[in-house]
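Colleague: I am attaching a structure below and will ask some questions about it afterwards.
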Amino acid sequence: MSRPRISINLALSADGKISSVSGRASGWTSKDDFARLKELRLSADALLVGRGTLEADRMTMKSPRNPLRCVVSRKGHFDPTHPLFSSEGGPIHLLGTEHPPTAIPSTTAHHGSLPDFIQTLSRDHEVRHIHCEGGGQLIHELAGLDLLDEIHLTWAGHHLFGGQSAPGPTGLPGNFLPASRHFKLTRFEPREDLGECFLSYRRSTES
Ligand SMILES: NC(=O)c1ccc[n+]([C@@H]2O[C@H](COP(=O)([O-])OP(=O)(O)OC[C@H]3O[C@@H](n4cnc5c(N)ncnc54)[C@H](OP(=O)(O)O)[C@@H]3O)[C@@H](O)[C@H]2O)c1
């Protein structure tokens, strides 16, 4: 069985950070970036985020086609009062990798590894495309497993975050991947009016 295609979308500051500090809400880019975020969700069968991003950005993970809404945690502690659990949208799947997730009505709980979860989504829920919106820790794991197929970035030149605790697209500085990953640029759209540039990359077999 082939695995689902996995894409990611992130906004990066001029110095390549996704946040000033892990846990602080995003929302520092443009309306056009937000429109692109919504457009990129349209082809997904499942949206995927880490619990840190769900909390920081108070996400409800909605999209018109109602893709599955999947959240990953190690500890499995989810806040049942989080807006995700009272919002309309696709079925919610919670993964706890080290501990089973909190039992929350109308959610499906999974306990196991991230690769097994991805296979379960594919086998039992016909998921062919997973779209991940961060954060850095989760993307670090996906990149470490070499599961990334497409990368979408908004490079936001109007912000510089800096700082040792500012995470980048694959987590905190110094948390290196086991090897380089290779991608080909497929879209380059500078937007001078916004001080931003929209970029897309596709997995490349070239080294
Ligand atoms: N600029 C952007 O486009 C963008 C996008 C997304 C997020 N952000 C920002 O980035 C920050 C969050 O980044 P982050 O790296 O801390 O977030 P993250 O990966 O979303 O969250 C970290 C938490 O998610 C769970 N997790 C992550 N990877 C996991 C794995 N491989 N297996 C099991 N559980 C895993 C763990 O939850 P438990 O603690 O429950 O075990 C972990 O503590 C926030 O400030 C957010 O606003 C920015």
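Going by the structure tokens order, chains are called A, B, ..., each with residues numbered from 1, while ligands are numbered from 1 in the order shown.
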Find the residues near ligand 1. Use a cut-off of 6 Å, count only C-alpha atoms and all ligand atoms, and write them as a ChimeraX atom specification.
Modeller: /A:10-12,18-19,21-26,49-53,56-57,72-77,97,133-138,141,171
Colleague: Using only C-alpha atoms, determine which residues lie at most 10 Å from stretch 103-112 of chain A, disregarding the query and same-chain residues fewer than 3 positions distant; provide the list as an mmCIF file with N, CA, C and O atoms, in the first residue's frame.
Modeller:
```cif
data_model
loop_
_atom_site.group_PDB
_atom_site.id
_atom_site.type_symbol
_atom_site.label_atom_id
_atom_site.label_comp_id
_atom_site.auth_asym_id
_atom_site.auth_seq_id
_atom_site.Cartn_x
_atom_site.Cartn_y
_atom_site.Cartn_z
ATOM 1 N N ARG A 69 -9.531 16.104 10.866
ATOM 2 C CA ARG A 69 -8.728 17.058 11.652
ATOM 3 C C ARG A 69 -7.902 16.241 12.656
ATOM 4 O O ARG A 69 -8.462 15.675 13.596
ATOM 5 N N CYS A 70 -6.588 16.169 12.403
ATOM 6 C CA CYS A 70 -5.725 15.256 13.162
ATOM 7 C C CYS A 70 -4.712 16.045 13.996
ATOM 8 O O CYS A 70 -4.052 16.953 13.472
ATOM 9 N N VAL A 72 -1.480 15.630 16.898
ATOM 10 C CA VAL A 72 -0.483 14.688 17.418
ATOM 11 C C VAL A 72 0.094 15.190 18.734
ATOM 12 O O VAL A 72 0.450 16.359 18.861
ATOM 13 N N SER A 73 0.185 14.277 19.697
ATOM 14 C CA SER A 73 0.765 14.600 21.010
ATOM 15 C C SER A 73 1.608 13.421 21.462
ATOM 16 O O SER A 73 1.354 12.282 21.055
ATOM 17 N N ARG A 74 2.618 13.687 22.289
ATOM 18 C CA ARG A 74 3.321 12.560 22.914
ATOM 19 C C ARG A 74 2.580 12.174 24.191
ATOM 20 O O ARG A 74 2.234 11.034 24.408
ATOM 21 N N GLY A 76 -0.412 13.003 25.199
ATOM 22 C CA GLY A 76 -1.821 12.651 25.029
ATOM 23 C C GLY A 76 -2.794 13.523 25.799
ATOM 24 O O GLY A 76 -3.979 13.235 25.837
ATOM 25 N N HIS A 77 -2.305 14.594 26.420
ATOM 26 C CA HIS A 77 -3.200 15.469 27.184
ATOM 27 C C HIS A 77 -3.834 16.509 26.259
ATOM 28 O O HIS A 77 -3.134 17.359 25.713
ATOM 29 N N PHE A 78 -5.137 16.435 26.107
ATOM 30 C CA PHE A 78 -5.869 17.419 25.301
ATOM 31 C C PHE A 78 -6.881 18.112 26.193
ATOM 32 O O PHE A 78 -7.477 17.478 27.070
ATOM 33 N N ASP A 79 -7.057 19.411 25.953
ATOM 34 C CA ASP A 79 -8.003 20.203 26.742
ATOM 35 C C ASP A 79 -9.391 20.080 26.104
ATOM 36 O O ASP A 79 -9.609 20.610 25.010
ATOM 37 N N PRO A 80 -10.341 19.426 26.769
ATOM 38 C CA PRO A 80 -11.660 19.224 26.149
ATOM 39 C C PRO A 80 -12.400 20.529 25.883
ATOM 40 O O PRO A 80 -13.345 20.536 25.094
ATOM 41 N N THR A 81 -11.970 21.646 26.519
ATOM 42 C CA THR A 81 -12.659 22.930 26.284
ATOM 43 C C THR A 81 -12.041 23.700 25.102
ATOM 44 O O THR A 81 -12.486 24.791 24.774
ATOM 45 N N PHE A 85 -12.909 21.212 19.709
ATOM 46 C CA PHE A 85 -13.837 20.139 20.061
ATOM 47 C C PHE A 85 -15.301 20.580 20.069
ATOM 48 O O PHE A 85 -16.182 19.745 20.233
ATOM 49 N N SER A 86 -15.536 21.886 19.904
ATOM 50 C CA SER A 86 -16.933 22.333 19.850
ATOM 51 C C SER A 86 -17.248 22.955 18.490
ATOM 52 O O SER A 86 -18.320 23.521 18.294
ATOM 53 N N PRO A 91 -14.195 14.994 10.834
ATOM 54 C CA PRO A 91 -13.973 14.130 11.999
ATOM 55 C C PRO A 91 -12.608 14.402 12.644
ATOM 56 O O PRO A 91 -11.623 14.674 11.950
ATOM 57 N N ILE A 92 -12.572 14.333 13.983
ATOM 58 C CA ILE A 92 -11.338 14.644 14.718
ATOM 59 C C ILE A 92 -10.646 13.348 15.142
ATOM 60 O O ILE A 92 -11.272 12.477 15.754
ATOM 61 N N HIS A 93 -9.352 13.254 14.806
ATOM 62 C CA HIS A 93 -8.546 12.099 15.201
ATOM 63 C C HIS A 93 -7.387 12.583 16.048
ATOM 64 O O HIS A 93 -6.618 13.455 15.624
ATOM 65 N N LEU A 94 -7.269 12.037 17.257
ATOM 66 C CA LEU A 94 -6.191 12.433 18.175
ATOM 67 C C LEU A 94 -5.210 11.276 18.305
ATOM 68 O O LEU A 94 -5.616 10.135 18.566
ATOM 69 N N LEU A 95 -3.919 11.591 18.133
ATOM 70 C CA LEU A 95 -2.882 10.570 18.304
ATOM 71 C C LEU A 95 -2.053 10.889 19.537
ATOM 72 O O LEU A 95 -1.549 12.009 19.684
ATOM 73 N N GLY A 96 -1.898 9.913 20.414
ATOM 74 C CA GLY A 96 -0.936 9.999 21.510
ATOM 75 C C GLY A 96 0.149 8.977 21.234
ATOM 76 O O GLY A 96 -0.146 7.784 21.128
ATOM 77 N N THR A 97 1.394 9.436 21.086
ATOM 78 C CA THR A 97 2.441 8.470 20.710
ATOM 79 C C THR A 97 2.998 7.739 21.938
ATOM 80 O O THR A 97 3.325 6.563 21.867
ATOM 81 N N GLU A 98 3.085 8.460 23.073
ATOM 82 C CA GLU A 98 3.635 7.809 24.273
ATOM 83 C C GLU A 98 2.537 7.370 25.232
ATOM 84 O O GLU A 98 2.705 6.395 25.965
ATOM 85 N N HIS A 99 1.445 8.136 25.266
ATOM 86 C CA HIS A 99 0.311 7.810 26.144
ATOM 87 C C HIS A 99 -0.969 7.947 25.333
ATOM 88 O O HIS A 99 -1.053 8.802 24.454
ATOM 89 N N PRO A 100 -2.000 7.169 25.665
ATOM 90 C CA PRO A 100 -3.266 7.301 24.927
ATOM 91 C C PRO A 100 -3.841 8.697 25.126
ATOM 92 O O PRO A 100 -3.681 9.282 26.205
ATOM 93 N N PRO A 115 4.208 7.021 12.101
ATOM 94 C CA PRO A 115 4.087 6.291 10.823
ATOM 95 C C PRO A 115 2.903 5.329 10.808
ATOM 96 O O PRO A 115 2.203 5.211 9.803
ATOM 97 N N ASP A 116 2.625 4.659 11.940
ATOM 98 C CA ASP A 116 1.470 3.747 11.979
ATOM 99 C C ASP A 116 0.164 4.529 11.848
ATOM 100 O O ASP A 116 -0.781 4.070 11.197
ATOM 101 N N PHE A 117 0.121 5.698 12.462
ATOM 102 C CA PHE A 117 -1.076 6.548 12.371
ATOM 103 C C PHE A 117 -1.322 6.945 10.912
ATOM 104 O O PHE A 117 -2.447 6.882 10.414
ATOM 105 N N THR A 120 -2.753 4.104 9.118
ATOM 106 C CA THR A 120 -4.155 3.886 9.508
ATOM 107 C C THR A 120 -5.063 4.863 8.770
ATOM 108 O O THR A 120 -6.140 4.488 8.290
#
```
Colleague: Considering only C-alpha atoms, state which residue in the set A:Ile151, A:Phe161, A:Glu192, A:Lys31 is at the smallest distance from A:Cys132.
Modeller: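 Among the listed residues, A:Ile151 lies closest to A:Cys132.
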Colleague: Using DSSP on the backbone coordinates, identify the residues of stretch 99-151 of chain A assigned to alpha helix (DSSP H); present them as a list of chain:residue names.
Modeller: A:Leu114, A:Pro115, A:Asp116, A:Phe117, A:Ile118, A:Gln119, A:Thr120, A:Leu121, A:Ser122, A:Arg123, A:Asp124, A:His125, A:Gly136, A:Gln137, A:Leu138, A:Ile139, A:His140, A:Glu141, A:Leu142, A:Ala143, A:Gly144
Colleague: For the selection just defined, write its residues with N, CA, C and O atoms to a file, as a compact mmCIF listing (two decimals), in the first residue's frame.
Modeller:
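Final output, saved to out.txt:
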```txt
# COMPACT_ATOMS: atom_id res chain seq x y z
N LEU A 114 3.75 7.68 14.93
CA LEU A 114 3.28 8.57 13.84
C LEU A 114 3.20 7.82 12.49
O LEU A 114 2.18 7.92 11.80
N PRO A 115 4.21 7.02 12.10
CA PRO A 115 4.09 6.29 10.82
C PRO A 115 2.90 5.33 10.81
O PRO A 115 2.20 5.21 9.80
N ASP A 116 2.63 4.66 11.94
CA ASP A 116 1.47 3.75 11.98
C ASP A 116 0.16 4.53 11.85
O ASP A 116 -0.78 4.07 11.20
N PHE A 117 0.12 5.70 12.46
CA PHE A 117 -1.08 6.55 12.37
C PHE A 117 -1.32 6.95 10.91
O PHE A 117 -2.45 6.88 10.41
N ILE A 118 -0.25 7.31 10.23
CA ILE A 118 -0.38 7.71 8.81
C ILE A 118 -0.91 6.54 7.98
O ILE A 118 -1.78 6.70 7.14
N GLN A 119 -0.39 5.35 8.26
CA GLN A 119 -0.89 4.16 7.54
C GLN A 119 -2.35 3.89 7.85
O GLN A 119 -3.13 3.50 6.98
N THR A 120 -2.75 4.10 9.12
CA THR A 120 -4.15 3.89 9.51
C THR A 120 -5.06 4.86 8.77
O THR A 120 -6.14 4.49 8.29
N LEU A 121 -4.64 6.11 8.67
CA LEU A 121 -5.46 7.10 7.95
C LEU A 121 -5.64 6.67 6.50
O LEU A 121 -6.73 6.80 5.92
N SER A 122 -4.57 6.15 5.92
CA SER A 122 -4.62 5.73 4.53
C SER A 122 -5.51 4.49 4.37
O SER A 122 -6.40 4.45 3.51
N ARG A 123 -5.31 3.50 5.21
CA ARG A 123 -6.01 2.20 5.07
C ARG A 123 -7.48 2.30 5.45
O ARG A 123 -8.34 1.81 4.74
N ASP A 124 -7.77 2.96 6.57
CA ASP A 124 -9.14 2.92 7.11
C ASP A 124 -9.97 4.15 6.75
O ASP A 124 -11.18 4.14 6.93
N HIS A 125 -9.33 5.21 6.30
CA HIS A 125 -10.09 6.45 6.04
C HIS A 125 -9.84 7.01 4.64
O HIS A 125 -10.19 8.16 4.37
N GLY A 136 7.03 23.16 14.27
CA GLY A 136 8.37 22.73 13.94
C GLY A 136 8.73 21.34 14.45
O GLY A 136 9.39 20.57 13.75
N GLN A 137 8.28 21.04 15.66
CA GLN A 137 8.62 19.71 16.22
C GLN A 137 8.01 18.59 15.39
O GLN A 137 8.66 17.58 15.11
N LEU A 138 6.77 18.78 14.99
CA LEU A 138 6.09 17.73 14.21
C LEU A 138 6.74 17.62 12.82
O LEU A 138 7.00 16.51 12.32
N ILE A 139 7.06 18.76 12.22
CA ILE A 139 7.68 18.72 10.89
C ILE A 139 9.09 18.12 10.97
O ILE A 139 9.53 17.41 10.06
N HIS A 140 9.77 18.35 12.09
CA HIS A 140 11.08 17.72 12.28
C HIS A 140 10.94 16.21 12.18
O HIS A 140 11.74 15.53 11.51
N GLU A 141 9.92 15.67 12.83
CA GLU A 141 9.74 14.21 12.79
C GLU A 141 9.39 13.74 11.37
O GLU A 141 9.94 12.75 10.88
N LEU A 142 8.49 14.46 10.70
CA LEU A 142 8.10 14.06 9.33
C LEU A 142 9.31 14.12 8.39
O LEU A 142 9.51 13.23 7.56
N ALA A 143 10.12 15.17 8.55
CA ALA A 143 11.32 15.29 7.69
C ALA A 143 12.34 14.23 8.06
O ALA A 143 13.01 13.66 7.18
N GLY A 144 12.48 13.93 9.34
CA GLY A 144 13.41 12.88 9.79
C GLY A 144 13.03 11.53 9.20
O GLY A 144 13.89 10.73 8.82
```
Colleague: Can you pull out the residues contacting stretch 201-203 of chain A? Cut-off 9 Å, using only C-alpha atoms, and skip same-chain residues under 2 positions away; I want them as a list of chain:residue names.
Modeller: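 What passes the distance filter is A:Leu148, A:Asp149, A:Glu150, A:Ile151, A:His152, A:Leu153, A:Arg181, A:His182, A:Phe183, A:Lys184, A:Leu185, A:Thr186, A:Arg187, A:Leu199, A:Thr205.
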Colleague: Quick one: write out the picked residues with N, CA and C atoms as a short mmCIF file (atom, residue, chain, number, x, y, z; two decimals), in the first residue's frame?
Modeller:
```cif
data_model
loop_
_atom_site.label_atom_id
_atom_site.label_comp_id
_atom_site.auth_asym_id
_atom_site.auth_seq_id
_atom_site.Cartn_x
_atom_site.Cartn_y
_atom_site.Cartn_z
N LEU A 148 8.19 13.96 3.66
CA LEU A 148 7.66 15.20 3.08
C LEU A 148 7.72 15.17 1.56
N ASP A 149 6.60 15.52 0.92
CA ASP A 149 6.55 15.53 -0.54
C ASP A 149 6.48 16.94 -1.11
N GLU A 150 5.81 17.83 -0.40
CA GLU A 150 5.64 19.22 -0.89
C GLU A 150 5.82 20.17 0.27
N ILE A 151 6.49 21.28 -0.01
CA ILE A 151 6.68 22.32 1.02
C ILE A 151 6.15 23.62 0.46
N HIS A 152 5.28 24.27 1.21
CA HIS A 152 4.77 25.59 0.84
C HIS A 152 5.21 26.57 1.93
N LEU A 153 5.84 27.65 1.51
CA LEU A 153 6.33 28.63 2.47
C LEU A 153 5.88 30.02 2.09
N ARG A 181 17.54 16.77 2.94
CA ARG A 181 16.40 16.37 2.13
C ARG A 181 16.41 17.26 0.89
N HIS A 182 15.98 16.71 -0.25
CA HIS A 182 16.13 17.44 -1.51
C HIS A 182 14.79 17.79 -2.13
N PHE A 183 14.65 19.07 -2.47
CA PHE A 183 13.40 19.57 -3.03
C PHE A 183 13.71 20.49 -4.20
N LYS A 184 12.74 20.56 -5.12
CA LYS A 184 12.90 21.42 -6.30
C LYS A 184 11.91 22.57 -6.19
N LEU A 185 12.35 23.76 -6.46
CA LEU A 185 11.46 24.93 -6.41
C LEU A 185 10.44 24.84 -7.54
N THR A 186 9.14 24.93 -7.20
CA THR A 186 8.10 24.85 -8.23
C THR A 186 7.29 26.14 -8.34
N ARG A 187 7.44 27.01 -7.36
CA ARG A 187 6.72 28.29 -7.44
C ARG A 187 7.54 29.35 -6.70
N LEU A 199 6.39 30.62 -1.86
CA LEU A 199 7.29 29.61 -2.44
C LEU A 199 6.68 28.22 -2.31
N THR A 205 14.34 13.68 -6.49
CA THR A 205 15.17 12.49 -6.29
C THR A 205 16.65 12.82 -6.49
#
```
Colleague: Among the residues of stretch 72-173 of chain A, find those DSSP assigns to strand (DSSP E or B) from the backbone and print them as a list of chain:residue names.
Modeller: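 Strand (DSSP E or B) assignments inside stretch 72-173 of chain A correspond to A:Val72, A:Ser73, A:Ile92, A:His93, A:Leu94, A:Leu95, A:Gly96, A:Thr107, A:Thr108, A:Ala109, A:His110, A:His111, A:His129, A:Ile130, A:His131, A:Cys132, A:Glu150, A:Ile151, A:His152, A:Leu153, A:Thr154, A:Trp155, A:Ala156, A:Gly168, A:Gly171.
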Colleague: So that I can see what lies close to A:Arg191, please list as a ChimeraX atom specification the residues with an atom at most 10 Å from it, counting only C-alpha atoms and leaving out residues fewer than 3 positions away in the same chain.
Modeller: /A:32,155-156,188,194-198
